[in-house]
Every structure is written in structure tokens, then in C-alpha cells.
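What follows is the content of target33.pdb (PDB, C-alpha atoms).
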```
ATOM      1  CA  LEU A 235     -82.477 108.375 -33.689
ATOM      2  CA  ARG A 236     -83.465 110.303 -30.556
ATOM      3  CA  ARG A 237     -82.398 113.577 -32.191
ATOM      4  CA  GLN A 238     -84.644 112.697 -35.127
ATOM      5  CA  GLY A 239     -87.583 112.632 -32.745
ATOM      6  CA  HIS A 240     -88.079 108.887 -32.193
ATOM      7  CA  THR A 241     -89.239 107.817 -28.743
ATOM      8  CA  ALA A 242     -86.858 106.272 -26.254
ATOM      9  CA  GLY A 243     -88.876 103.041 -26.228
ATOM     10  CA  LEU A 244     -88.748 102.684 -30.006
ATOM     11  CA  VAL A 245     -85.029 103.426 -30.133
ATOM     12  CA  ALA A 246     -84.335 100.842 -27.417
ATOM     13  CA  THR A 247     -86.330  98.246 -29.370
ATOM     14  CA  VAL A 248     -84.476  99.028 -32.595
ATOM     15  CA  LEU A 249     -81.098  98.735 -30.888
ATOM     16  CA  SER A 250     -82.110  95.427 -29.301
ATOM     17  CA  GLN A 251     -83.169  94.028 -32.672
ATOM     18  CA  SER A 252     -79.923  95.218 -34.237
ATOM     19  CA  LYS A 253     -77.895  93.353 -31.616
ATOM     20  CA  LEU A 254     -80.053  90.222 -31.931
ATOM     21  CA  ARG A 255     -79.752  90.242 -35.722
ATOM     22  CA  ALA A 256     -75.969  90.407 -35.468
ATOM     23  CA  LYS A 257     -76.018  87.484 -33.028
ATOM     24  CA  ALA A 258     -78.470  85.554 -35.215
ATOM     25  CA  ARG A 259     -76.156  85.483 -38.236
ATOM     26  CA  ALA A 260     -74.458  82.409 -36.768
ATOM     27  CA  LYS A 261     -77.761  80.519 -37.006
ATOM     28  CA  PHE A 262     -79.558  82.152 -39.924
ATOM     29  CA  GLY A 263     -76.846  83.658 -42.110
ATOM     30  CA  GLU A 264     -78.108  86.346 -44.466
ATOM     31  CA  PHE A 265     -81.729  85.607 -43.529
ATOM     32  CA  ALA A 266     -81.095  87.230 -40.143
ATOM     33  CA  SER A 267     -80.978  90.712 -41.696
ATOM     34  CA  ARG A 268     -84.723  90.669 -42.425
ATOM     35  CA  MET A 269     -85.958  88.730 -39.386
ATOM     36  CA  LEU A 270     -87.141  89.813 -35.952
ATOM     37  CA  PHE A 271     -86.096  88.078 -32.741
ATOM     38  CA  THR A 272     -86.571  87.795 -29.012
ATOM     39  CA  GLU A 273     -83.662  86.885 -26.753
ATOM     40  CA  ALA A 274     -85.233  83.607 -25.606
ATOM     41  CA  GLY A 275     -86.521  82.851 -29.100
ATOM     42  CA  LEU A 276     -83.088  83.209 -30.642
ATOM     43  CA  GLU A 277     -81.478  81.096 -27.917
ATOM     44  CA  GLN A 278     -83.815  78.183 -28.618
ATOM     45  CA  ALA A 279     -84.125  78.654 -32.397
ATOM     46  CA  THR A 280     -82.806  75.871 -34.602
ATOM     47  CA  ARG A 281     -79.850  76.657 -36.855
ATOM     48  CA  LEU A 282     -81.084  77.019 -40.429
ATOM     49  CA  LYS A 283     -78.904  74.174 -41.765
ATOM     50  CA  VAL A 284     -80.298  71.851 -39.078
ATOM     51  CA  ALA A 285     -83.873  73.048 -39.632
ATOM     52  CA  ALA A 286     -83.431  72.156 -43.314
ATOM     53  CA  LEU A 287     -82.652  68.574 -42.249
ATOM     54  CA  HIS A 288     -85.849  68.474 -40.203
ATOM     55  CA  ALA A 289     -87.866  69.750 -43.153
ATOM     56  CA  GLY A 290     -86.267  67.194 -45.449
ATOM     57  CA  ARG A 291     -87.516  64.338 -43.263
ATOM     58  CA  PHE A 292     -91.121  65.425 -43.625
ATOM     59  CA  SER A 293     -90.731  66.001 -47.361
ATOM     60  CA  ARG A 294     -89.168  62.569 -47.995
ATOM     61  CA  ALA A 295     -91.935  60.944 -45.936
ATOM     62  CA  GLY A 296     -94.535  62.459 -48.256
ATOM     63  CA  VAL A 297     -95.981  64.783 -45.609
ATOM     64  CA  THR A 298     -97.284  67.922 -47.326
ATOM     65  CA  HIS A 299     -98.771  69.815 -44.367
ATOM     66  CA  VAL A 300     -96.835  70.176 -41.100
ATOM     67  CA  ALA A 301     -97.919  71.738 -37.812
ATOM     68  CA  ASP A 302     -95.075  73.542 -36.018
ATOM     69  CA  LEU A 303     -96.380  73.536 -32.456
ATOM     70  CA  GLY A 304     -94.451  75.914 -30.251
ATOM     71  CA  CYS A 305     -92.891  77.571 -33.272
ATOM     72  CA  GLY A 306     -90.979  80.266 -31.403
ATOM     73  CA  ILE A 307     -89.675  82.881 -33.823
ATOM     74  CA  GLY A 308     -90.376  80.539 -36.749
ATOM     75  CA  GLY A 309     -86.961  79.087 -37.640
ATOM     76  CA  ASP A 310     -88.156  75.541 -38.344
ATOM     77  CA  ALA A 311     -91.371  76.771 -39.949
ATOM     78  CA  LEU A 312     -89.238  78.892 -42.277
ATOM     79  CA  ALA A 313     -87.277  75.816 -43.400
ATOM     80  CA  LEU A 314     -90.487  73.831 -43.918
ATOM     81  CA  ALA A 315     -92.123  76.597 -45.925
ATOM     82  CA  ALA A 316     -88.963  77.143 -47.986
ATOM     83  CA  ILE A 317     -89.369  73.693 -49.580
ATOM     84  CA  ASP A 318     -93.011  74.453 -50.367
ATOM     85  CA  LEU A 319     -94.660  72.509 -47.566
ATOM     86  CA  GLU A 320     -97.860  73.909 -46.087
ATOM     87  CA  VAL A 321     -97.195  75.027 -42.527
ATOM     88  CA  THR A 322     -99.515  75.790 -39.634
ATOM     89  CA  ALA A 323     -97.362  77.318 -36.902
ATOM     90  CA  ALA A 324     -98.496  78.204 -33.406
ATOM     91  CA  ASP A 325     -97.031  79.742 -30.287
ATOM     92  CA  ALA A 326     -98.616  80.416 -26.927
ATOM     93  CA  ASP A 327     -96.868  83.767 -26.481
ATOM     94  CA  GLU A 328     -98.587  86.597 -28.347
ATOM     95  CA  VAL A 329     -95.440  88.631 -29.061
ATOM     96  CA  THR A 330     -93.502  85.563 -30.209
ATOM     97  CA  ALA A 331     -96.360  84.515 -32.503
ATOM     98  CA  ALA A 332     -96.424  88.008 -34.016
ATOM     99  CA  ILE A 333     -92.675  87.865 -34.639
ATOM    100  CA  ALA A 334     -93.014  84.428 -36.256
ATOM    101  CA  ALA A 335     -95.783  85.771 -38.498
ATOM    102  CA  TYR A 336     -93.477  88.588 -39.614
ATOM    103  CA  ASN A 337     -90.597  86.201 -40.268
ATOM    104  CA  LEU A 338     -92.843  83.932 -42.364
ATOM    105  CA  THR A 339     -94.386  86.744 -44.410
ATOM    106  CA  PRO A 340     -92.522  85.737 -47.623
ATOM    107  CA  PHE A 341     -94.189  82.297 -47.609
ATOM    108  CA  PRO A 342     -97.874  82.302 -48.643
ATOM    109  CA  ARG A 343     -98.396  78.655 -47.572
ATOM    110  CA  ALA A 344     -97.440  79.383 -43.976
ATOM    111  CA  ARG A 345     -99.815  80.732 -41.336
ATOM    112  CA  VAL A 346     -99.172  81.502 -37.689
ATOM    113  CA  LEU A 347    -101.647  81.153 -34.834
ATOM    114  CA  HIS A 348    -101.481  82.648 -31.360
ATOM    115  CA  ALA A 349    -102.461  79.461 -29.558
ATOM    116  CA  ARG A 350    -101.160  76.780 -27.238
ATOM    117  CA  ALA A 351     -99.960  73.641 -28.997
ATOM    118  CA  GLU A 352    -102.710  71.610 -27.378
ATOM    119  CA  GLU A 353    -105.390  73.951 -28.814
ATOM    120  CA  VAL A 354    -104.444  73.688 -32.497
ATOM    121  CA  ALA A 355    -106.895  71.732 -34.690
ATOM    122  CA  LEU A 356    -104.854  69.088 -36.488
ATOM    123  CA  GLY A 357    -107.448  67.694 -38.875
ATOM    124  CA  GLY A 358    -105.985  67.212 -42.354
ATOM    125  CA  ILE A 359    -102.414  67.797 -41.142
ATOM    126  CA  GLY A 360    -100.024  64.910 -41.766
ATOM    127  CA  GLY A 361     -97.108  65.730 -39.494
ATOM    128  CA  ALA A 362     -96.105  67.753 -36.472
ATOM    129  CA  TRP A 363     -92.851  69.321 -35.330
ATOM    130  CA  LEU A 364     -92.555  70.339 -31.695
ATOM    131  CA  ASP A 365     -89.844  72.359 -30.000
ATOM    132  CA  PRO A 366     -91.069  72.516 -26.375
ATOM    133  CA  ALA A 367     -90.103  75.678 -24.511
ATOM    134  CA  ARG A 368     -87.069  74.900 -22.364
ATOM    135  CA  ARG A 369     -86.385  78.445 -21.195
ATOM    136  CA  THR A 370     -88.317  81.063 -19.284
ATOM    137  CA  THR A 371     -87.801  84.811 -19.230
ATOM    138  CA  ALA A 372     -88.503  86.887 -16.146
ATOM    139  CA  GLY A 373     -87.279  90.372 -15.337
ATOM    140  CA  GLY A 374     -85.230  90.424 -18.525
ATOM    141  CA  THR A 375     -83.303  87.282 -17.547
ATOM    142  CA  THR A 376     -83.603  84.039 -19.502
ATOM    143  CA  LYS A 377     -83.259  80.796 -17.543
ATOM    144  CA  ARG A 378     -83.060  77.210 -18.754
ATOM    145  CA  ILE A 379     -85.719  74.728 -17.567
ATOM    146  CA  THR A 380     -83.895  71.654 -16.292
ATOM    147  CA  ASP A 381     -86.852  69.359 -15.574
ATOM    148  CA  ALA A 382     -88.405  67.863 -18.722
ATOM    149  CA  SER A 383     -91.764  67.606 -16.977
ATOM    150  CA  ASP A 384     -91.944  71.418 -16.978
ATOM    151  CA  TYR A 385     -91.534  71.794 -20.748
ATOM    152  CA  SER A 386     -94.313  73.501 -22.695
ATOM    153  CA  PRO A 387     -95.989  71.752 -24.410
ATOM    154  CA  GLY A 388     -95.433  68.737 -22.176
ATOM    155  CA  LEU A 389     -93.683  65.631 -23.481
ATOM    156  CA  ASP A 390     -96.737  63.448 -22.844
ATOM    157  CA  PHE A 391     -98.642  65.567 -25.364
ATOM    158  CA  ALA A 392     -95.735  65.753 -27.821
ATOM    159  CA  PHE A 393     -95.001  62.026 -27.820
ATOM    160  CA  GLY A 394     -98.707  61.221 -27.740
ATOM    161  CA  LEU A 395     -99.217  62.777 -31.171
ATOM    162  CA  ALA A 396     -97.100  59.979 -32.656
ATOM    163  CA  GLY A 397    -100.124  57.699 -32.548
ATOM    164  CA  ARG A 398    -101.889  59.779 -35.194
ATOM    165  CA  MET A 399     -99.209  61.352 -37.419
ATOM    166  CA  ALA A 400     -95.519  61.665 -38.260
ATOM    167  CA  VAL A 401     -93.860  63.529 -35.394
ATOM    168  CA  GLY A 402     -90.484  65.082 -34.638
ATOM    169  CA  VAL A 403     -89.611  66.581 -31.241
ATOM    170  CA  LYS A 404     -86.576  68.737 -30.518
ATOM    171  CA  LEU A 405     -85.067  68.324 -27.062
ATOM    172  CA  GLY A 406     -81.913  69.492 -25.346
ATOM    173  CA  PRO A 407     -78.897  67.245 -26.053
ATOM    174  CA  GLY A 408     -78.493  66.505 -22.346
ATOM    175  CA  THR A 409     -81.974  65.009 -22.011
ATOM    176  CA  ASP A 410     -82.029  61.839 -19.902
ATOM    177  CA  LEU A 411     -82.220  58.744 -22.107
ATOM    178  CA  ASP A 412     -84.996  57.377 -19.915
ATOM    179  CA  VAL A 413     -87.253  60.118 -21.314
ATOM    180  CA  ILE A 414     -86.985  58.789 -24.877
ATOM    181  CA  PRO A 415     -89.688  56.288 -25.887
ATOM    182  CA  ALA A 416     -88.338  52.868 -26.875
ATOM    183  CA  ASP A 417     -90.016  52.954 -30.312
ATOM    184  CA  ALA A 418     -88.520  56.311 -31.350
ATOM    185  CA  GLU A 419     -85.410  57.224 -33.318
ATOM    186  CA  ALA A 420     -83.135  59.491 -31.281
ATOM    187  CA  GLN A 421     -80.627  61.574 -33.235
ATOM    188  CA  TRP A 422     -78.055  63.831 -31.596
ATOM    189  CA  ILE A 423     -76.636  66.567 -33.840
ATOM    190  CA  SER A 424     -73.387  68.451 -33.394
ATOM    191  CA  VAL A 425     -72.406  71.465 -35.484
ATOM    192  CA  ASP A 426     -68.738  72.427 -35.631
ATOM    193  CA  GLY A 427     -68.049  70.588 -32.380
ATOM    194  CA  ASP A 428     -71.074  71.892 -30.452
ATOM    195  CA  VAL A 429     -73.868  69.391 -29.667
ATOM    196  CA  VAL A 430     -76.937  71.460 -30.471
ATOM    197  CA  GLU A 431     -79.958  69.180 -30.133
ATOM    198  CA  LEU A 432     -81.575  65.818 -29.677
ATOM    199  CA  GLY A 433     -84.231  65.051 -32.279
ATOM    200  CA  VAL A 434     -86.777  62.354 -31.383
ATOM    201  CA  TRP A 435     -88.628  60.973 -34.419
ATOM    202  CA  PHE A 436     -91.745  58.830 -34.776
ATOM    203  CA  GLY A 437     -93.733  57.206 -37.566
ATOM    204  CA  LEU A 438     -92.951  58.005 -41.190
ATOM    205  CA  VAL A 439     -90.161  60.437 -40.264
ATOM    206  CA  ALA A 440     -88.279  57.840 -38.196
ATOM    207  CA  ARG A 441     -85.863  55.586 -40.077
ATOM    208  CA  PRO A 442     -86.546  51.844 -39.801
ATOM    209  CA  GLY A 443     -84.124  49.942 -37.606
ATOM    210  CA  ILE A 444     -82.390  53.048 -36.233
ATOM    211  CA  ARG A 445     -82.823  53.921 -32.577
ATOM    212  CA  ARG A 446     -79.593  55.848 -31.936
ATOM    213  CA  ALA A 447     -77.801  58.240 -34.298
ATOM    214  CA  ALA A 448     -74.992  60.776 -34.040
ATOM    215  CA  LEU A 449     -74.876  63.320 -36.859
ATOM    216  CA  VAL A 450     -71.676  65.374 -37.049
ATOM    217  CA  ILE A 451     -71.763  68.522 -39.188
ATOM    218  CA  ARG A 452     -68.553  70.429 -39.837
ATOM    219  CA  GLY A 453     -68.808  73.210 -42.374
ATOM    220  CA  ASP A 454     -70.647  71.793 -45.386
ATOM    221  CA  ALA A 455     -69.767  68.155 -44.607
ATOM    222  CA  ALA A 456     -72.006  65.793 -42.632
ATOM    223  CA  HIS A 457     -71.286  62.304 -41.291
ATOM    224  CA  GLU A 458     -73.540  59.994 -39.313
ATOM    225  CA  LEU A 459     -73.062  57.015 -37.021
ATOM    226  CA  THR A 460     -76.192  54.921 -36.417
ATOM    227  CA  ALA A 461     -77.245  51.834 -34.471
ATOM    228  CA  GLY A 462     -80.350  49.880 -33.566
ATOM    229  CA  ALA A 463     -79.709  50.427 -29.849
ATOM    230  CA  ASP A 464     -77.169  51.784 -27.370
ATOM    231  CA  SER A 465     -73.841  50.123 -28.174
ATOM    232  CA  GLU A 466     -71.941  48.224 -25.513
ATOM    233  CA  ASP A 467     -68.710  49.846 -24.391
ATOM    234  CA  ALA A 468     -65.519  48.410 -25.813
ATOM    235  CA  PRO A 469     -63.100  46.588 -23.485
ATOM    236  CA  VAL A 470     -60.769  48.711 -21.345
ATOM    237  CA  GLY A 471     -57.038  48.484 -22.036
ATOM    238  CA  PRO A 472     -53.748  50.317 -21.483
ATOM    239  CA  ILE A 473     -53.082  53.664 -23.135
ATOM    240  CA  GLY A 474     -51.813  53.072 -26.661
ATOM    241  CA  ASP A 475     -49.866  55.387 -28.938
ATOM    242  CA  TYR A 476     -52.961  57.442 -29.793
ATOM    243  CA  LEU A 477     -55.805  58.889 -27.744
ATOM    244  CA  TYR A 478     -59.232  59.751 -29.202
ATOM    245  CA  GLU A 479     -61.908  62.089 -27.893
ATOM    246  CA  PRO A 480     -65.285  61.154 -29.437
ATOM    247  CA  ASP A 481     -67.564  63.919 -30.671
ATOM    248  CA  GLY A 482     -70.158  64.963 -28.110
ATOM    249  CA  SER A 483     -72.992  63.588 -30.258
ATOM    250  CA  VAL A 484     -71.378  60.132 -30.224
ATOM    251  CA  ILE A 485     -71.043  60.283 -26.445
ATOM    252  CA  ARG A 486     -74.652  61.416 -25.951
ATOM    253  CA  ALA A 487     -75.924  58.694 -28.304
ATOM    254  CA  ARG A 488     -73.927  56.077 -26.389
ATOM    255  CA  LEU A 489     -72.209  54.914 -29.561
ATOM    256  CA  ILE A 490     -68.670  55.063 -28.170
ATOM    257  CA  GLY A 491     -68.330  51.277 -28.245
ATOM    258  CA  ALA A 492     -69.453  51.109 -31.876
ATOM    259  CA  LEU A 493     -66.899  53.765 -32.829
ATOM    260  CA  ALA A 494     -64.142  51.855 -31.003
ATOM    261  CA  ARG A 495     -64.925  48.495 -32.587
ATOM    262  CA  ALA A 496     -65.129  50.000 -36.081
ATOM    263  CA  ASN A 497     -61.601  51.364 -35.740
ATOM    264  CA  GLY A 498     -59.745  48.755 -33.721
ATOM    265  CA  ALA A 499     -59.674  50.940 -30.600
ATOM    266  CA  TRP A 500     -60.510  50.273 -26.958
ATOM    267  CA  MET A 501     -61.625  52.248 -23.902
ATOM    268  CA  ALA A 502     -58.978  54.138 -21.952
ATOM    269  CA  SER A 503     -61.114  53.822 -18.807
ATOM    270  CA  ALA A 504     -64.532  52.517 -17.846
ATOM    271  CA  GLY A 505     -65.410  55.901 -16.371
ATOM    272  CA  ILE A 506     -64.613  58.284 -19.245
ATOM    273  CA  ALA A 507     -65.364  58.461 -22.973
ATOM    274  CA  TYR A 508     -61.785  58.488 -24.296
ATOM    275  CA  LEU A 509     -60.651  55.771 -26.709
ATOM    276  CA  THR A 510     -57.113  54.657 -27.385
ATOM    277  CA  ALA A 511     -55.292  52.658 -30.067
ATOM    278  CA  ASP A 512     -51.792  51.753 -31.239
ATOM    279  CA  VAL A 513     -52.584  52.465 -34.900
ATOM    280  CA  PRO A 514     -53.852  55.912 -35.940
ATOM    281  CA  PHE A 515     -57.167  56.287 -37.742
ATOM    282  CA  GLU A 516     -59.025  59.265 -39.151
ATOM    283  CA  SER A 517     -62.667  59.711 -38.224
ATOM    284  CA  PRO A 518     -65.127  62.604 -38.337
ATOM    285  CA  PHE A 519     -66.479  61.241 -35.054
ATOM    286  CA  ALA A 520     -63.367  61.740 -32.911
ATOM    287  CA  ARG A 521     -60.341  64.008 -32.406
ATOM    288  CA  CYS A 522     -56.969  62.262 -32.421
ATOM    289  CA  PHE A 523     -54.030  63.009 -30.091
ATOM    290  CA  ARG A 524     -50.556  61.507 -30.281
ATOM    291  CA  VAL A 525     -49.416  60.204 -26.902
ATOM    292  CA  LEU A 526     -46.058  61.781 -26.028
ATOM    293  CA  GLU A 527     -45.757  60.793 -22.363
ATOM    294  CA  ARG A 528     -47.441  58.447 -19.926
TER     295      ARG A 528
END
```
Would you encode the structure as C-alpha cells?
Amino acid sequence: LRRQGHTAGLVATVLSQSKLRAKARAKFGEFASRMLFTEAGLEQATRLKVAALHAGRFSRAGVTHVADLGCGIGGDALALAAIDLEVTAADADEVTAAIAAYNLTPFPRARVLHARAEEVALGGIGGAWLDPARRTTAGGTTKRITDASDYSPGLDFAFGLAGRMAVGVKLGPGTDLDVIPADAEAQWISVDGDVVELGVWFGLVARPGIRRAALVIRGDAAHELTAGADSEDAPVGPIGDYLYEPDGSVIRARLIGALARANGAWMASAGIAYLTADVPFESPFARCFRVLER
């Protein structure tokens, strides 16, 4: 490319996008080949199969126009627009907003604004999806924000929208449970063994009677464990003939006790998440090990 007369800056940008597109295939599949990315944007972007689940919630709730506030590179907005919902996306970073606009070009019902989430006019919009920025980039290095109070937009604003519309908020799976409002549905999602997000849902997009959920996706199969509250741990007992390691989403959702009781198992220890049983059982929510020695 340099020999063809292209500038060093342009060539560096092209090479960076080529590397990011290759990395993005794990999240976006074939769509990655026509998208643009930033390093931080790709790190925080929702996997396309998970974004489709988010979009489906709004569609089933009858919401026809969704605001994606803090849209990043546009992954969730893409899933919303793909099922013919009207989308108003916004990002506070000018470059990121421009990249999102490019990525959403194929969808005429999607528009992208360069604006802070708090500045977007929401009149006539029935639902909002927020993915607060949990990473910062400085000097070419991306760092994770560990304190939820430093997210952008802030959680007070994000959760506060629930009083006026259907709202979903994506948070890191390790978010402290004390942060989650008592009237919200909290769903942890794992994909192929990796816990990828905590979704907090309000209003029409929250399922009645469900406060805790663990959704396990492996390949094209999906299984979910739900409850109306944190489940109490099962009793502790001696190591049986089988040991079970619950999926990370089950652990995060504090549904270990529910999983144990549903399968005749008990806790191996009060301090760890392992279950044990004398009779084997198959479950998408746990890995099974045969005990050979004690």
C-alpha cells in the first residue's frame, strides 16, 4: 500500500481495521467484514446472537421505536434495526458515532446522533437500551472502569428512565448485586462457557415474576434457569460420587441452591459454588466430574 502511494497514516488505519475485523468475527460473524471498529468499541460490543435477544424483548413488548443510548459501534442498534424497529442511536464520542453511522448504513430506519445519552430527546420513543461505557482509552491503552458510579451514562440516569418507558441496561457480569434495583429483572448470560453480560430489564421488557435469570448459550442451543429472587443455598454435605461446577451465569445469579434442589444435589462447601451428588444428572447449567479419589 505504501508503494502504491498511500500515506503512512492511512495504511496504519487500514491495517488496524483489518486486525479488528478479524477479531470481530467471533462476535459478528460475516457481518464483521463490512463493519468498522475501534478497539474499545469492539471490546464492549454485544455479540450479535445476544444483541438479537435484546432486540426480541423490545419487539415482543410491542415497542416500535428504541433509543440506543451509548450505542458504541452500533452492535445492538444493528440487531434492533435488523428486525425493522426504528432506532435512534447516540454516542458521546464523535469518532465512535461516525463509525456507528457507517455500520448502520444498510438500515434506513436507523439514525445516529453525536450526543450524550442525557441530551437525546426521547419524545415519541417507547423504549431505551443503554450500554454504559465501562472502559476508557488513553495513550492507546484501554482500561476497564471498576466503579459503577463512574459509568457513562450514569446508572442513576439509566435506571431513572424506567419510570417513563421500557428499559434494558447492559452491565458487566461482575456488577455488585446491591446495584440492581429491587423491581428489575436481572439476567446473566453466558456464551460457550464465558459469562458475557448482566442485563437489567424494566417495564414491558421485564418478565413478570422473574428477578433472577441465568441464560446459558452453547452453540445454537439456549437454556435458562429463573427465579423470583436469589435462591437459598442448599445444605452442605460430604462429597458424593459426582462433583458439579455450575455455569458462571448460575453462580452470578445466585441460583446455585435452585440448581441443587432441582437435581437432588447438595453443596460441597459453604464457601464455594461446587455441588455434589451420589447419582449423576445431566444439566446445561453445570459440568459433571466423576469423583475418583477423596
Produce a table with one row for each residue of segment 360-463 of chain A that has an atom at most 12 Å from any atom of segment 298-313 of chain A, each row naming the nearest atom pair and its distance in Å at one decimal; use all atoms listed in the file; arrange rows by chain and rising residue number; format as a tab-separated table.
```
residue	atom	partner	partner_atom	distance
A:Gly360	CA	A:His299	CA	5.7
A:Gly361	CA	A:Val300	CA	4.7
A:Ala362	CA	A:Ala301	CA	4.6
A:Trp363	CA	A:Asp302	CA	4.8
A:Leu364	CA	A:Leu303	CA	5.0
A:Asp365	CA	A:Gly304	CA	5.8
A:Pro366	CA	A:Gly304	CA	6.2
A:Ala367	CA	A:Gly304	CA	7.2
A:Arg368	CA	A:Gly304	CA	10.9
A:Arg369	CA	A:Gly306	CA	11.3
A:Tyr385	CA	A:Gly304	CA	10.8
A:Ser386	CA	A:Gly304	CA	7.9
A:Pro387	CA	A:Gly304	CA	7.3
A:Gly388	CA	A:Gly304	CA	10.8
A:Phe391	CA	A:Leu303	CA	10.9
A:Ala392	CA	A:Leu303	CA	9.1
A:Leu395	CA	A:Leu303	CA	11.2
A:Met399	CA	A:Val300	CA	9.9
A:Ala400	CA	A:Val300	CA	9.1
A:Val401	CA	A:Val300	CA	9.3
A:Gly402	CA	A:Asp302	CA	9.7
A:Val403	CA	A:Leu303	CA	9.8
A:Lys404	CA	A:Asp310	CA	10.5
A:Val439	CA	A:Val300	CA	11.8
```
Of the residues A:Ala447, A:Asp325, A:Pro340, A:Pro469, which is the one nearest to Glu353 of chain A, using all atoms listed in the file?
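When distances to Glu353 of chain A are compared using all atoms listed in the file, the smallest one comes from A:Asp325.
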Distance of atom CA of Trp435 of chain A from atom CA of Trp422 of chain A, expressed in Å to one decimal place:
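Interatomic distance, atom CA of Trp422 of chain A to atom CA of Trp435 of chain A: 11.3 Å.
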Step by step, work through what the PyMOL selection byres ((chain A and resi 503) around 10) selects in the shown file, and finish by giving those residues as a list of chain:residue names.
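With the shown file as input, the PyMOL selection byres ((chain A and resi 503) around 10) matches A:Ala468, A:Pro469, A:Val470, A:Gly471, A:Pro472, A:Ile473, A:Trp500, A:Met501, A:Ala502, A:Ala504, A:Gly505, A:Ile506, A:Ala507, A:Tyr508, A:Leu509, A:Thr510.
On the file presented, the PyMOL selection byres ((chain A and resi 315) around 9) picks out Ala289, Asp310, Ala311, Leu312, Ala313, Leu314, Ala316, Ile317, Asp318, Leu319, Glu320, Val321, Leu338, Phe341, Pro342, Arg343 and Ala344 of chain A.
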Please evaluate the PyMOL selection byres ((chain A and resi 477) around 9) against the structure above and give the resulting residues as a list of chain:residue names.
A:Ile473, A:Gly474, A:Asp475, A:Tyr476, A:Tyr478, A:Glu479, A:Ala502, A:Tyr508, A:Leu509, A:Thr510, A:Ala511, A:Asp512, A:Pro514, A:Arg521, A:Cys522, A:Phe523, A:Arg524, A:Val525
Determine the nearest neighbour of Phe436 of chain A from the options A:Leu347, A:Ala496, A:Leu235, A:Ala420, counting all atoms listed in the file.
A:Ala420
Could you tell me which of A:Leu493, A:Val329, A:Ala520, A:Val297 comes closest to Leu438 of chain A if we count all atoms listed in the file?
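Result for the nearest residue to Leu438 of chain A: A:Val297.
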As an NGL selection string, please: the residues near segment 258-275 of chain A (cut-off 9 Å, only C-alpha atoms, same-chain neighbours under 4 positions excluded).
:A and (250-254 or 279-283 or 306-309 or 329-330 or 333-334 or 336-338 or 369-371 or 376-377)
Would you list the contacts of segment 442-445 of chain A as JSON, numbers by chain, taking every protein, DNA or RNA residue within 12 Å and counting only C-alpha atoms, but skipping same-chain residues closer than 4 positions in sequence?
{"A": [411, 414, 415, 416, 417, 418, 419, 420, 421, 422, 433, 434, 435, 436, 437, 438, 458, 459, 460, 461, 462, 463, 464, 465, 487, 488, 489]}
Distance in Å - atom CA of Pro407 of chain A versus atom CA of Val429 of chain A:
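Taking atom CA of Pro407 of chain A and atom CA of Val429 of chain A, their separation equals 6.6 Å.
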I'd like the interatomic distance between atom CA of Gly427 of chain A and atom CA of Asp467 of chain A, to a tenth of an Å.
22.2 Å
Box time for segment 395-408 of chain A: axis-aligned, enclosing all its listed atoms, 8 Å extra on each side; report centre and edge lengths in Å to one decimal, as lines of an AutoDock Vina configuration file.
```
center_x = -90.2
center_y = 63.6
center_z = -30.3
size_x = 39.4
size_y = 27.8
size_z = 31.9
```
